[in-house]
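Single-structure report; data block below.
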Amino acid sequence: MIDVQNLSKRYGGFTAVDNISFHVERGRIVGFLGPNGAGKTTTMRVLTCFLPPSRGSVSIAGHDVLEEPLAVKRAVGYLPETPPLYTDMSVEGYLRFVSEIKGVPARKVAGRVEYALKRCALLDVRGKLIAKLSKGYRQRVGLAQALLHDPQLLILDEPTSGLDPKQILETRDLIRELSGDHTIILSTHILPEVEQVCQEVIIINKGRLVATDSVANLRNRLQGADAIAIEIFTEGAAIDPQSAEQLLAAIPGVARVHSNGLREGRIHLELEAGPGRRIRSAAVNAILSRGWQLYEMKSITYSLEEVFLEVTGASAEESPSSAGDAAEEEAQ
Amino acid sequence: MRNILTIAAKELRSYFVSPIAYIILAVFALVFGIFFNVSVESFIRYVLAQGQMGGNVSLDLHETLIARLMGTINTIGLFLVPMITMRLFAEEKRTGTIELLLTSPVRDYEIVLGKWLAAVAFYAALLVVSSLNFAILLYFSNPEWKPILVAYLGLFLTGCATLALGTFVSTTTRNQIIAVAVTFFACLALWIADAVTVFGSGFWAEVIGYLSLISHFNDFSRGLLQAKDVVFFVTFTIFFLFLSVRSLESLRWRS
């Protein structure tokens, strides 16, 4: 569905996207993950024919973006980061206008508008002026606009940014529902969003491709090693961080223990298990058997930054196990 | 064609949902109405005075009254055209809706033509408002109607040309105030360009003088339909519409 070969995009002297290649199969939901300024929006703008590539080739549904822009635009529904809404129009009027410029045949316009209104739960605000809508509704109108011409590919730039938690969940559900009919590529800087919604992930940073992988593989790489943070009360028990560290390091399956020292009367420790090993109950037992008080134990969740460190770190080592990932090789 | 009309209809609609259309129409109707009233009154007084003195009243109604009023409409238009075109692209660039148009399966020239046509339609509405005054004149006297039609054609063509210029200026900025100011001063400069022929002569004075909108319009207002003037306005219009399309294209490469 999407075939990107050695794409680069420069603005003057600044390189926003640097030689990235990836491929997306029909019917997949792909997350485009990266911190702000990584080049996500620029890449999406090239995919939608808003910007021409500086170098490389991009083809969507078999059409090259430079040679057949109209065919590409017909195949793509696009929700930019700020929904492109004419605030002086009603929701229905706006959707009708967009259907027409998207090339929906005149006799099908009413039906498609109805479909998009229903799909995005906008039926109760159809007659309202867009200027009067809340942010969540506006985002949905933006999404409805992208669906009108029944595109093969949906490109959504940060579809959940600026929404409240309830709206975020609704939007994610909607995207999952839509995945049956469309190939979807969505950008985000929120890791859990990718995990919940997407099947594949493309990670970029500073314009370069860091990794392309399935979400399942990514999750294994990050969470295959169980990581927990432990705090132990020192009150009434004469223990020091070193002895605690030694005790826990001796547990079978523990790959690494790191002590963060003594603070507020508690010893702070981080444990990482070897691949596939479960160490939590063993750690609890070891601590309790010494008569120490366990104050807190929690999973360490990786922030996006740590994901990048992890993923870029892994590719920098050129370990044979990850060499199968051609994209990583290229990123170096 | 369908795309052009869709965009034009949407654009025309958004003129009339904002107050700007009504303000422009009202100001135009009022200002021209006052001019019309004053001119007709002084014309009548002049004719009566001539008659009392026993002079031979052979004033050309078109030359002394109608042609001047046409010039007045044109001058008021000079002030209103920038207001009509300012938002066409500047607004879309500011709010980001230009991204919708440029990622839709429409060609750049269809976007430009659609927006320009909406502006022309609105300008034509102003001319219709002004024509009510002349309808009254036709009812109470009997001026020749053919020169009036020619003068209106001149007004229309001048409008097409200056609106094309304004459309182009609007593609170059996201700030509507800048769009208004630049369009106004560019039109003003072209308006009075024939003044250079007063101060100088030679090749360049002639070239600049040729670009004067007012000198080409004056033939129309006198009732003269000349191919050279029509060609001038049509060329001028096409030139700036073409520049607008190129400017829109360049947005993709620059932004």
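Following the order of the structure tokens, first chain is A, next is B, and so on, with residues numbered from 1 inside each chain and ligands from 1 in the order they appear.
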
Just need the residues of chain A within 10 Å of chain B, counting only C-alpha atoms, so spit them out as a PDB file with N, CA and C atoms, in the first residue's frame.
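New file result.pdb:
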```
ATOM      1  N   ARG A  10      14.363  18.120   2.598  1.00  0.00           N
ATOM      2  CA  ARG A  10      15.140  19.221   3.162  1.00  0.00           C
ATOM      3  C   ARG A  10      14.371  20.521   3.011  1.00  0.00           C
ATOM      4  N   TYR A  11      14.458  21.360   4.056  1.00  0.00           N
ATOM      5  CA  TYR A  11      13.960  22.734   3.955  1.00  0.00           C
ATOM      6  C   TYR A  11      15.182  23.628   4.007  1.00  0.00           C
ATOM      7  N   GLY A  12      15.540  24.228   2.903  1.00  0.00           N
ATOM      8  CA  GLY A  12      16.744  25.038   2.916  1.00  0.00           C
ATOM      9  C   GLY A  12      17.914  24.167   3.352  1.00  0.00           C
ATOM     10  N   ARG A  45       3.208  14.523   5.276  1.00  0.00           N
ATOM     11  CA  ARG A  45       2.882  15.520   4.254  1.00  0.00           C
ATOM     12  C   ARG A  45       3.412  15.092   2.890  1.00  0.00           C
ATOM     13  N   VAL A  46       4.514  14.379   2.880  1.00  0.00           N
ATOM     14  CA  VAL A  46       5.011  13.867   1.598  1.00  0.00           C
ATOM     15  C   VAL A  46       4.078  12.758   1.103  1.00  0.00           C
ATOM     16  N   LEU A  47       3.629  11.894   2.017  1.00  0.00           N
ATOM     17  CA  LEU A  47       2.736  10.797   1.626  1.00  0.00           C
ATOM     18  C   LEU A  47       1.416  11.324   1.062  1.00  0.00           C
ATOM     19  N   THR A  48       0.983  12.499   1.545  1.00  0.00           N
ATOM     20  CA  THR A  48      -0.308  13.030   1.101  1.00  0.00           C
ATOM     21  C   THR A  48      -0.168  13.989  -0.066  1.00  0.00           C
ATOM     22  N   CYS A  49       1.041  14.119  -0.620  1.00  0.00           N
ATOM     23  CA  CYS A  49       1.276  15.039  -1.754  1.00  0.00           C
ATOM     24  C   CYS A  49       1.180  16.494  -1.349  1.00  0.00           C
ATOM     25  N   PHE A  50       1.235  16.796  -0.064  1.00  0.00           N
ATOM     26  CA  PHE A  50       1.236  18.205   0.320  1.00  0.00           C
ATOM     27  C   PHE A  50       2.622  18.789   0.067  1.00  0.00           C
ATOM     28  N   LEU A  51       3.640  17.977   0.328  1.00  0.00           N
ATOM     29  CA  LEU A  51       5.012  18.394   0.063  1.00  0.00           C
ATOM     30  C   LEU A  51       5.647  17.397  -0.900  1.00  0.00           C
ATOM     31  N   PRO A  52       6.445  17.865  -1.827  1.00  0.00           N
ATOM     32  CA  PRO A  52       7.161  16.926  -2.695  1.00  0.00           C
ATOM     33  C   PRO A  52       8.437  16.444  -1.993  1.00  0.00           C
ATOM     34  N   PRO A  53       8.843  15.197  -2.253  1.00  0.00           N
ATOM     35  CA  PRO A  53      10.096  14.730  -1.657  1.00  0.00           C
ATOM     36  C   PRO A  53      11.291  15.457  -2.268  1.00  0.00           C
ATOM     37  N   SER A  54      12.342  15.669  -1.467  1.00  0.00           N
ATOM     38  CA  SER A  54      13.568  16.247  -2.028  1.00  0.00           C
ATOM     39  C   SER A  54      14.344  15.175  -2.776  1.00  0.00           C
ATOM     40  N   PRO A  69      -0.128  12.652  -8.748  1.00  0.00           N
ATOM     41  CA  PRO A  69      -0.616  13.174  -7.460  1.00  0.00           C
ATOM     42  C   PRO A  69      -2.128  13.059  -7.293  1.00  0.00           C
ATOM     43  N   LEU A  70      -2.878  13.230  -8.383  1.00  0.00           N
ATOM     44  CA  LEU A  70      -4.340  13.178  -8.228  1.00  0.00           C
ATOM     45  C   LEU A  70      -4.804  11.777  -7.831  1.00  0.00           C
ATOM     46  N   ALA A  71      -4.188  10.754  -8.429  1.00  0.00           N
ATOM     47  CA  ALA A  71      -4.555   9.377  -8.081  1.00  0.00           C
ATOM     48  C   ALA A  71      -4.195   9.085  -6.622  1.00  0.00           C
ATOM     49  N   VAL A  72      -3.039   9.595  -6.192  1.00  0.00           N
ATOM     50  CA  VAL A  72      -2.628   9.391  -4.799  1.00  0.00           C
ATOM     51  C   VAL A  72      -3.622  10.076  -3.864  1.00  0.00           C
ATOM     52  N   LYS A  73      -3.980  11.323  -4.208  1.00  0.00           N
ATOM     53  CA  LYS A  73      -4.892  12.071  -3.337  1.00  0.00           C
ATOM     54  C   LYS A  73      -6.261  11.392  -3.245  1.00  0.00           C
ATOM     55  N   ARG A  74      -6.677  10.765  -4.351  1.00  0.00           N
ATOM     56  CA  ARG A  74      -7.956  10.049  -4.308  1.00  0.00           C
ATOM     57  C   ARG A  74      -7.891   8.821  -3.400  1.00  0.00           C
ATOM     58  N   ALA A  75      -6.677   8.257  -3.274  1.00  0.00           N
ATOM     59  CA  ALA A  75      -6.529   7.026  -2.489  1.00  0.00           C
ATOM     60  C   ALA A  75      -6.299   7.310  -1.010  1.00  0.00           C
ATOM     61  N   VAL A  76      -6.067   8.584  -0.671  1.00  0.00           N
ATOM     62  CA  VAL A  76      -5.642   8.916   0.692  1.00  0.00           C
ATOM     63  C   VAL A  76      -6.666   9.815   1.387  1.00  0.00           C
ATOM     64  N   GLY A  77      -6.989   9.461   2.621  1.00  0.00           N
ATOM     65  CA  GLY A  77      -7.747  10.366   3.491  1.00  0.00           C
ATOM     66  C   GLY A  77      -6.789  10.868   4.539  1.00  0.00           C
ATOM     67  N   TYR A  78      -6.800  12.164   4.784  1.00  0.00           N
ATOM     68  CA  TYR A  78      -5.738  12.756   5.605  1.00  0.00           C
ATOM     69  C   TYR A  78      -6.321  13.641   6.687  1.00  0.00           C
ATOM     70  N   LEU A  79      -5.925  13.377   7.913  1.00  0.00           N
ATOM     71  CA  LEU A  79      -6.259  14.266   9.022  1.00  0.00           C
ATOM     72  C   LEU A  79      -4.976  14.929   9.496  1.00  0.00           C
ATOM     73  N   PRO A  80      -4.783  16.203   9.150  1.00  0.00           N
ATOM     74  CA  PRO A  80      -3.573  16.890   9.609  1.00  0.00           C
ATOM     75  C   PRO A  80      -3.612  17.097  11.123  1.00  0.00           C
ATOM     76  N   GLU A  81      -2.493  17.574  11.655  1.00  0.00           N
ATOM     77  CA  GLU A  81      -2.378  17.732  13.104  1.00  0.00           C
ATOM     78  C   GLU A  81      -3.456  18.669  13.646  1.00  0.00           C
ATOM     79  N   THR A  82      -3.662  19.808  12.962  1.00  0.00           N
ATOM     80  CA  THR A  82      -4.828  20.635  13.289  1.00  0.00           C
ATOM     81  C   THR A  82      -5.881  20.324  12.235  1.00  0.00           C
ATOM     82  N   PRO A  83      -7.059  19.859  12.653  1.00  0.00           N
ATOM     83  CA  PRO A  83      -8.074  19.521  11.651  1.00  0.00           C
ATOM     84  C   PRO A  83      -8.367  20.724  10.764  1.00  0.00           C
ATOM     85  N   PRO A  84      -8.359  20.533   9.441  1.00  0.00           N
ATOM     86  CA  PRO A  84      -8.560  21.663   8.534  1.00  0.00           C
ATOM     87  C   PRO A  84     -10.033  21.999   8.392  1.00  0.00           C
ATOM     88  N   LEU A  85     -10.562  22.777   9.329  1.00  0.00           N
ATOM     89  CA  LEU A  85     -12.002  23.034   9.365  1.00  0.00           C
ATOM     90  C   LEU A  85     -12.317  24.471   9.006  1.00  0.00           C
ATOM     91  N   TYR A  86     -13.377  24.648   8.219  1.00  0.00           N
ATOM     92  CA  TYR A  86     -13.887  25.995   7.978  1.00  0.00           C
ATOM     93  C   TYR A  86     -14.911  26.262   9.066  1.00  0.00           C
ATOM     94  N   THR A  87     -14.504  27.103  10.031  1.00  0.00           N
ATOM     95  CA  THR A  87     -15.328  27.239  11.231  1.00  0.00           C
ATOM     96  C   THR A  87     -16.629  27.976  10.970  1.00  0.00           C
ATOM     97  N   ASP A  88     -16.743  28.635   9.818  1.00  0.00           N
ATOM     98  CA  ASP A  88     -18.000  29.350   9.548  1.00  0.00           C
ATOM     99  C   ASP A  88     -19.035  28.447   8.875  1.00  0.00           C
ATOM    100  N   MET A  89     -18.712  27.153   8.723  1.00  0.00           N
ATOM    101  CA  MET A  89     -19.665  26.242   8.092  1.00  0.00           C
ATOM    102  C   MET A  89     -20.282  25.322   9.140  1.00  0.00           C
ATOM    103  N   GLY A  93     -22.608  20.909   6.200  1.00  0.00           N
ATOM    104  CA  GLY A  93     -22.218  21.696   5.026  1.00  0.00           C
ATOM    105  C   GLY A  93     -20.750  21.493   4.697  1.00  0.00           C
ATOM    106  N   TYR A  94     -19.954  21.467   5.756  1.00  0.00           N
ATOM    107  CA  TYR A  94     -18.518  21.259   5.577  1.00  0.00           C
ATOM    108  C   TYR A  94     -18.237  19.896   4.962  1.00  0.00           C
ATOM    109  N   PHE A  97     -19.128  19.840   1.337  1.00  0.00           N
ATOM    110  CA  PHE A  97     -18.115  20.518   0.523  1.00  0.00           C
ATOM    111  C   PHE A  97     -16.883  19.620   0.327  1.00  0.00           C
ATOM    112  N   VAL A  98     -16.422  19.023   1.414  1.00  0.00           N
ATOM    113  CA  VAL A  98     -15.221  18.182   1.300  1.00  0.00           C
ATOM    114  C   VAL A  98     -15.490  16.981   0.381  1.00  0.00           C
ATOM    115  N   SER A  99     -16.688  16.377   0.493  1.00  0.00           N
ATOM    116  CA  SER A  99     -17.007  15.250  -0.407  1.00  0.00           C
ATOM    117  C   SER A  99     -16.852  15.677  -1.852  1.00  0.00           C
ATOM    118  N   GLU A 100     -17.350  16.887  -2.131  1.00  0.00           N
ATOM    119  CA  GLU A 100     -17.322  17.331  -3.523  1.00  0.00           C
ATOM    120  C   GLU A 100     -15.901  17.545  -4.014  1.00  0.00           C
ATOM    121  N   ILE A 101     -15.073  18.214  -3.210  1.00  0.00           N
ATOM    122  CA  ILE A 101     -13.705  18.422  -3.717  1.00  0.00           C
ATOM    123  C   ILE A 101     -12.875  17.139  -3.644  1.00  0.00           C
ATOM    124  N   LYS A 102     -13.340  16.155  -2.875  1.00  0.00           N
ATOM    125  CA  LYS A 102     -12.606  14.883  -2.853  1.00  0.00           C
ATOM    126  C   LYS A 102     -13.036  13.997  -4.014  1.00  0.00           C
ATOM    127  N   GLY A 103     -13.978  14.490  -4.812  1.00  0.00           N
ATOM    128  CA  GLY A 103     -14.351  13.757  -6.013  1.00  0.00           C
ATOM    129  C   GLY A 103     -15.406  12.684  -5.805  1.00  0.00           C
ATOM    130  N   ALA A 106     -21.717  13.137  -7.435  1.00  0.00           N
ATOM    131  CA  ALA A 106     -22.793  13.955  -6.863  1.00  0.00           C
ATOM    132  C   ALA A 106     -23.911  13.119  -6.230  1.00  0.00           C
ATOM    133  N   GLN A 145     -14.076  13.900   7.882  1.00  0.00           N
ATOM    134  CA  GLN A 145     -13.649  14.503   6.621  1.00  0.00           C
ATOM    135  C   GLN A 145     -12.703  13.572   5.863  1.00  0.00           C
ATOM    136  N   ALA A 146     -11.852  12.854   6.620  1.00  0.00           N
ATOM    137  CA  ALA A 146     -10.876  11.977   5.974  1.00  0.00           C
ATOM    138  C   ALA A 146     -11.526  10.709   5.413  1.00  0.00           C
TER     139      ALA A 146
END
```

Find the residues around Thr85 of chain B up to 8 Å (only C-alpha atoms counted), leave out those fewer than 5 positions away in its own chain, and share them as a tab-separated table (two decimals) with N, CA and C atoms, in the first residue's frame.
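Dumped to around.tsv:
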```tsv
chain	number	residue	atom	x	y	z
B	119	ALA	N	-14.77	35.89	-6.05
B	119	ALA	CA	-14.51	37.32	-5.86
B	119	ALA	C	-15.15	38.13	-6.99
B	163	LEU	N	-8.92	42.12	-9.17
B	163	LEU	CA	-9.20	40.98	-8.29
B	163	LEU	C	-8.16	39.87	-8.51
B	166	GLY	N	-5.20	40.95	-6.61
B	166	GLY	CA	-5.44	40.73	-5.19
B	166	GLY	C	-5.35	39.26	-4.81
B	167	THR	N	-5.85	38.40	-5.68
B	167	THR	CA	-5.78	36.96	-5.44
B	167	THR	C	-4.32	36.53	-5.33
B	170	SER	N	-2.79	37.61	-2.12
B	170	SER	CA	-3.29	36.80	-1.01
B	170	SER	C	-2.58	35.44	-0.91
B	180	VAL	N	-4.32	43.23	2.23
B	180	VAL	CA	-5.08	44.43	1.89
B	180	VAL	C	-4.14	45.56	1.47
```

Shell of 10 Å around Glu144 of chain B, only C-alpha atoms, local chain residues under 5 positions omitted, as a list of chain:residue names: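 The contact residues come out as B:Leu61, B:His62, B:Leu138, B:Leu149, B:Gly223.
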
Write the residues of the selection above to a file with C-alpha atoms, as a PDB file, in the first residue's frame.
```
ATOM      1  CA  LEU B  61     -25.442  63.554 -20.956  1.00  0.00           C
ATOM      2  CA  HIS B  62     -23.094  60.604 -21.231  1.00  0.00           C
ATOM      3  CA  LEU B 138     -32.933  55.707 -17.677  1.00  0.00           C
ATOM      4  CA  LEU B 149     -23.224  48.888 -21.234  1.00  0.00           C
ATOM      5  CA  GLY B 223     -18.459  54.370 -24.499  1.00  0.00           C
TER       6      GLY B 223
END
```

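Counting only C-alpha atoms, the residue from A:Leu33, A:Ile184, A:Leu147, A:Ala211 that sits nearest to Leu95 of chain A is A:Leu147.
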
Shell of 12 Å around Phe16 of chain B, only C-alpha atoms, local chain residues under 3 positions omitted, as a short mmCIF file (atom, residue, chain, number, x, y, z; two decimals) with N, CA and C atoms, in the first residue's frame:
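Okay, out-v4.cif is ready:
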```cif
data_model
loop_
_atom_site.label_atom_id
_atom_site.label_comp_id
_atom_site.auth_asym_id
_atom_site.auth_seq_id
_atom_site.Cartn_x
_atom_site.Cartn_y
_atom_site.Cartn_z
N ASP A 88 -16.74 28.63 9.82
CA ASP A 88 -18.00 29.35 9.55
C ASP A 88 -19.04 28.45 8.87
N MET A 89 -18.71 27.15 8.72
CA MET A 89 -19.66 26.24 8.09
C MET A 89 -20.28 25.32 9.14
N ALA B 9 -18.53 28.32 -5.13
CA ALA B 9 -19.78 28.40 -4.36
C ALA B 9 -19.48 28.49 -2.87
N LYS B 10 -18.52 27.69 -2.42
CA LYS B 10 -18.17 27.70 -1.00
C LYS B 10 -17.59 29.06 -0.60
N GLU B 11 -16.78 29.59 -1.48
CA GLU B 11 -16.12 30.86 -1.20
C GLU B 11 -17.14 32.00 -1.16
N LEU B 12 -18.06 31.97 -2.11
CA LEU B 12 -19.08 33.01 -2.19
C LEU B 12 -19.97 32.96 -0.95
N ARG B 13 -20.26 31.73 -0.54
CA ARG B 13 -21.08 31.54 0.64
C ARG B 13 -20.39 32.13 1.86
N PRO B 19 -19.80 39.25 8.23
CA PRO B 19 -20.40 40.59 8.03
C PRO B 19 -19.74 41.36 6.90
N ILE B 20 -18.56 40.93 6.48
CA ILE B 20 -17.78 41.77 5.56
C ILE B 20 -18.53 42.07 4.26
N ALA B 21 -19.25 41.06 3.76
CA ALA B 21 -19.96 41.26 2.50
C ALA B 21 -21.00 42.36 2.64
N TYR B 22 -21.71 42.33 3.75
CA TYR B 22 -22.78 43.30 3.95
C TYR B 22 -22.21 44.69 4.18
N ILE B 23 -21.08 44.74 4.89
CA ILE B 23 -20.45 46.05 5.11
C ILE B 23 -20.00 46.64 3.78
N ILE B 24 -19.34 45.81 2.97
CA ILE B 24 -18.86 46.31 1.68
C ILE B 24 -20.04 46.78 0.81
N LEU B 25 -21.07 45.94 0.76
CA LEU B 25 -22.24 46.30 -0.06
C LEU B 25 -22.89 47.60 0.43
N ILE B 84 -12.07 42.53 -0.78
CA ILE B 84 -12.73 41.33 -1.31
C ILE B 84 -11.73 40.17 -1.42
N ALA B 118 -15.34 33.51 -7.33
CA ALA B 118 -16.20 33.94 -6.24
C ALA B 118 -16.04 35.44 -6.01
N ALA B 119 -14.77 35.89 -6.05
CA ALA B 119 -14.51 37.32 -5.86
C ALA B 119 -15.15 38.13 -6.99
N ALA B 121 -17.75 37.27 -8.76
CA ALA B 121 -19.20 37.26 -8.59
C ALA B 121 -19.63 38.30 -7.56
N PHE B 122 -18.85 38.39 -6.49
CA PHE B 122 -19.20 39.37 -5.47
C PHE B 122 -19.05 40.80 -6.00
N ALA B 125 -21.88 41.73 -8.01
CA ALA B 125 -23.04 42.12 -7.19
C ALA B 125 -22.99 43.61 -6.87
#
```

When DSSP is applied to the backbone of this structure, which of segment 54-242 of chain B are assigned alpha helix (DSSP H)? Write them out as a CSV table (one decimal) with C-alpha atoms, in the first residue's frame.
```
chain,number,residue,atom,x,y,z
B,61,LEU,CA,-25.4,63.6,-21.0
B,67,ALA,CA,-18.8,58.7,-17.8
B,68,ARG,CA,-17.8,60.6,-14.6
B,69,LEU,CA,-20.1,58.5,-12.5
B,70,MET,CA,-18.6,55.3,-14.0
B,71,GLY,CA,-15.1,56.7,-13.0
B,72,THR,CA,-16.5,57.2,-9.5
B,73,ILE,CA,-17.6,53.5,-9.3
B,74,ASN,CA,-14.2,52.5,-10.5
B,75,THR,CA,-12.5,54.5,-7.8
B,76,ILE,CA,-14.6,53.2,-5.0
B,77,GLY,CA,-13.9,49.8,-6.4
B,78,LEU,CA,-10.2,50.5,-6.0
B,79,PHE,CA,-10.8,50.6,-2.2
B,80,LEU,CA,-13.1,47.6,-2.0
B,81,VAL,CA,-11.2,45.1,-4.2
B,82,PRO,CA,-8.4,44.6,-1.7
B,83,MET,CA,-11.1,43.8,1.0
B,84,ILE,CA,-12.7,41.3,-1.3
B,85,THR,CA,-9.6,39.4,-2.1
B,87,ARG,CA,-8.9,36.5,2.8
B,88,LEU,CA,-9.0,34.2,-0.2
B,89,PHE,CA,-5.7,32.5,0.5
B,90,ALA,CA,-4.3,34.3,3.5
B,91,GLU,CA,-7.1,33.0,5.7
B,92,GLU,CA,-6.6,29.4,4.5
B,93,LYS,CA,-2.9,29.7,5.1
B,94,ARG,CA,-3.4,31.1,8.6
B,95,THR,CA,-5.9,28.4,9.7
B,98,ILE,CA,-5.0,25.1,2.8
B,99,GLU,CA,-3.7,21.7,3.7
B,100,LEU,CA,-7.1,20.3,2.9
B,101,LEU,CA,-7.3,21.9,-0.5
B,102,LEU,CA,-3.8,20.9,-1.5
B,108,ASP,CA,-4.0,24.1,-8.3
B,109,TYR,CA,-5.5,26.2,-11.1
B,110,GLU,CA,-9.0,24.9,-10.1
B,111,ILE,CA,-8.4,26.3,-6.6
B,112,VAL,CA,-7.2,29.7,-7.9
B,113,LEU,CA,-10.0,30.0,-10.5
B,114,GLY,CA,-12.7,29.0,-8.0
B,115,LYS,CA,-11.7,31.6,-5.5
B,116,TRP,CA,-11.1,34.3,-8.1
B,117,LEU,CA,-14.5,33.5,-9.6
B,118,ALA,CA,-16.2,33.9,-6.2
B,119,ALA,CA,-14.5,37.3,-5.9
B,120,VAL,CA,-15.6,38.3,-9.4
B,121,ALA,CA,-19.2,37.3,-8.6
B,122,PHE,CA,-19.2,39.4,-5.5
B,123,TYR,CA,-17.8,42.3,-7.4
B,124,ALA,CA,-20.5,41.9,-10.0
B,125,ALA,CA,-23.0,42.1,-7.2
B,126,LEU,CA,-21.6,45.6,-6.4
B,127,LEU,CA,-22.0,46.6,-10.0
B,128,VAL,CA,-25.6,45.4,-10.0
B,129,VAL,CA,-26.3,47.5,-6.9
B,130,SER,CA,-24.8,50.6,-8.7
B,131,SER,CA,-26.9,49.9,-11.8
B,132,LEU,CA,-30.0,50.6,-9.8
B,133,ASN,CA,-29.0,54.2,-9.9
B,134,PHE,CA,-28.7,54.2,-13.6
B,135,ALA,CA,-32.0,52.5,-14.0
B,136,ILE,CA,-33.6,55.5,-12.3
B,137,LEU,CA,-31.7,57.8,-14.7
B,138,LEU,CA,-32.9,55.7,-17.7
B,139,TYR,CA,-36.5,55.9,-16.4
B,140,PHE,CA,-36.5,59.7,-16.0
B,145,TRP,CA,-27.9,52.8,-23.2
B,146,LYS,CA,-25.2,51.3,-25.4
B,147,PRO,CA,-22.3,53.4,-24.0
B,148,ILE,CA,-23.6,52.6,-20.5
B,149,LEU,CA,-23.2,48.9,-21.2
B,150,VAL,CA,-19.7,49.4,-22.6
B,151,ALA,CA,-18.8,51.4,-19.5
B,152,TYR,CA,-20.1,48.5,-17.4
B,153,LEU,CA,-18.0,46.1,-19.4
B,154,GLY,CA,-15.0,48.3,-18.6
B,155,LEU,CA,-15.9,48.3,-14.9
B,156,PHE,CA,-16.2,44.5,-15.0
B,157,LEU,CA,-12.9,44.0,-16.8
B,158,THR,CA,-11.1,46.3,-14.4
B,159,GLY,CA,-12.6,44.4,-11.5
B,160,CYS,CA,-11.5,41.1,-13.0
B,161,ALA,CA,-7.9,42.4,-13.4
B,162,THR,CA,-7.6,44.0,-10.0
B,163,LEU,CA,-9.2,41.0,-8.3
B,164,ALA,CA,-6.7,38.7,-10.0
B,165,LEU,CA,-3.9,40.9,-8.7
B,166,GLY,CA,-5.4,40.7,-5.2
B,167,THR,CA,-5.8,37.0,-5.4
B,168,PHE,CA,-2.1,36.7,-6.2
B,169,VAL,CA,-1.1,38.9,-3.3
B,170,SER,CA,-3.3,36.8,-1.0
B,171,THR,CA,-1.4,33.7,-2.0
B,176,GLN,CA,-4.8,39.6,5.8
B,177,ILE,CA,-3.8,43.2,6.7
B,178,ILE,CA,-0.7,42.8,4.6
B,179,ALA,CA,-2.8,41.4,1.8
B,180,VAL,CA,-5.1,44.4,1.9
B,181,ALA,CA,-2.3,47.0,2.1
B,182,VAL,CA,-0.1,45.5,-0.7
B,183,THR,CA,-3.1,45.0,-3.0
B,184,PHE,CA,-4.3,48.5,-2.4
B,185,PHE,CA,-0.9,50.1,-3.1
B,186,ALA,CA,-0.2,47.9,-6.1
B,187,CYS,CA,-3.6,48.8,-7.6
B,188,LEU,CA,-3.1,52.5,-6.8
B,189,ALA,CA,0.3,52.5,-8.4
B,190,LEU,CA,-1.1,50.9,-11.6
B,191,TRP,CA,-4.1,53.2,-11.4
B,196,VAL,CA,4.8,59.2,-15.6
B,197,THR,CA,4.0,60.3,-19.2
B,198,VAL,CA,3.5,63.8,-17.8
B,199,PHE,CA,7.0,63.9,-16.3
B,203,PHE,CA,10.5,53.9,-24.0
B,204,TRP,CA,10.0,53.2,-20.2
B,205,ALA,CA,7.6,56.1,-19.7
B,206,GLU,CA,5.5,54.6,-22.5
B,207,VAL,CA,5.7,51.1,-21.0
B,208,ILE,CA,4.7,52.2,-17.6
B,209,GLY,CA,2.1,54.5,-18.9
B,210,TYR,CA,0.6,51.5,-20.9
B,213,LEU,CA,-5.5,50.8,-15.5
B,214,ILE,CA,-7.3,54.1,-15.6
B,215,SER,CA,-6.2,55.1,-19.1
B,216,HIS,CA,-7.5,51.8,-20.5
B,217,PHE,CA,-10.7,52.2,-18.5
B,218,ASN,CA,-11.3,55.7,-19.7
B,219,ASP,CA,-12.0,54.6,-23.2
B,220,PHE,CA,-14.7,52.2,-21.9
B,221,SER,CA,-16.3,54.9,-19.7
B,227,ALA,CA,-9.9,45.7,-28.8
B,228,LYS,CA,-6.6,47.0,-27.4
B,229,ASP,CA,-8.3,47.8,-24.0
B,230,VAL,CA,-10.1,44.5,-23.8
B,231,VAL,CA,-6.8,42.6,-24.7
B,232,PHE,CA,-5.0,44.6,-22.0
B,233,PHE,CA,-7.4,43.7,-19.2
B,234,VAL,CA,-7.7,40.1,-20.3
B,235,THR,CA,-3.9,39.7,-20.5
B,236,PHE,CA,-3.5,41.4,-17.1
B,237,THR,CA,-6.0,39.1,-15.5
B,238,ILE,CA,-4.5,35.9,-17.0
B,239,PHE,CA,-1.1,37.0,-16.0
B,240,PHE,CA,-2.0,37.4,-12.3
B,241,LEU,CA,-4.1,34.3,-12.2
B,242,PHE,CA,-1.1,32.4,-13.7
```
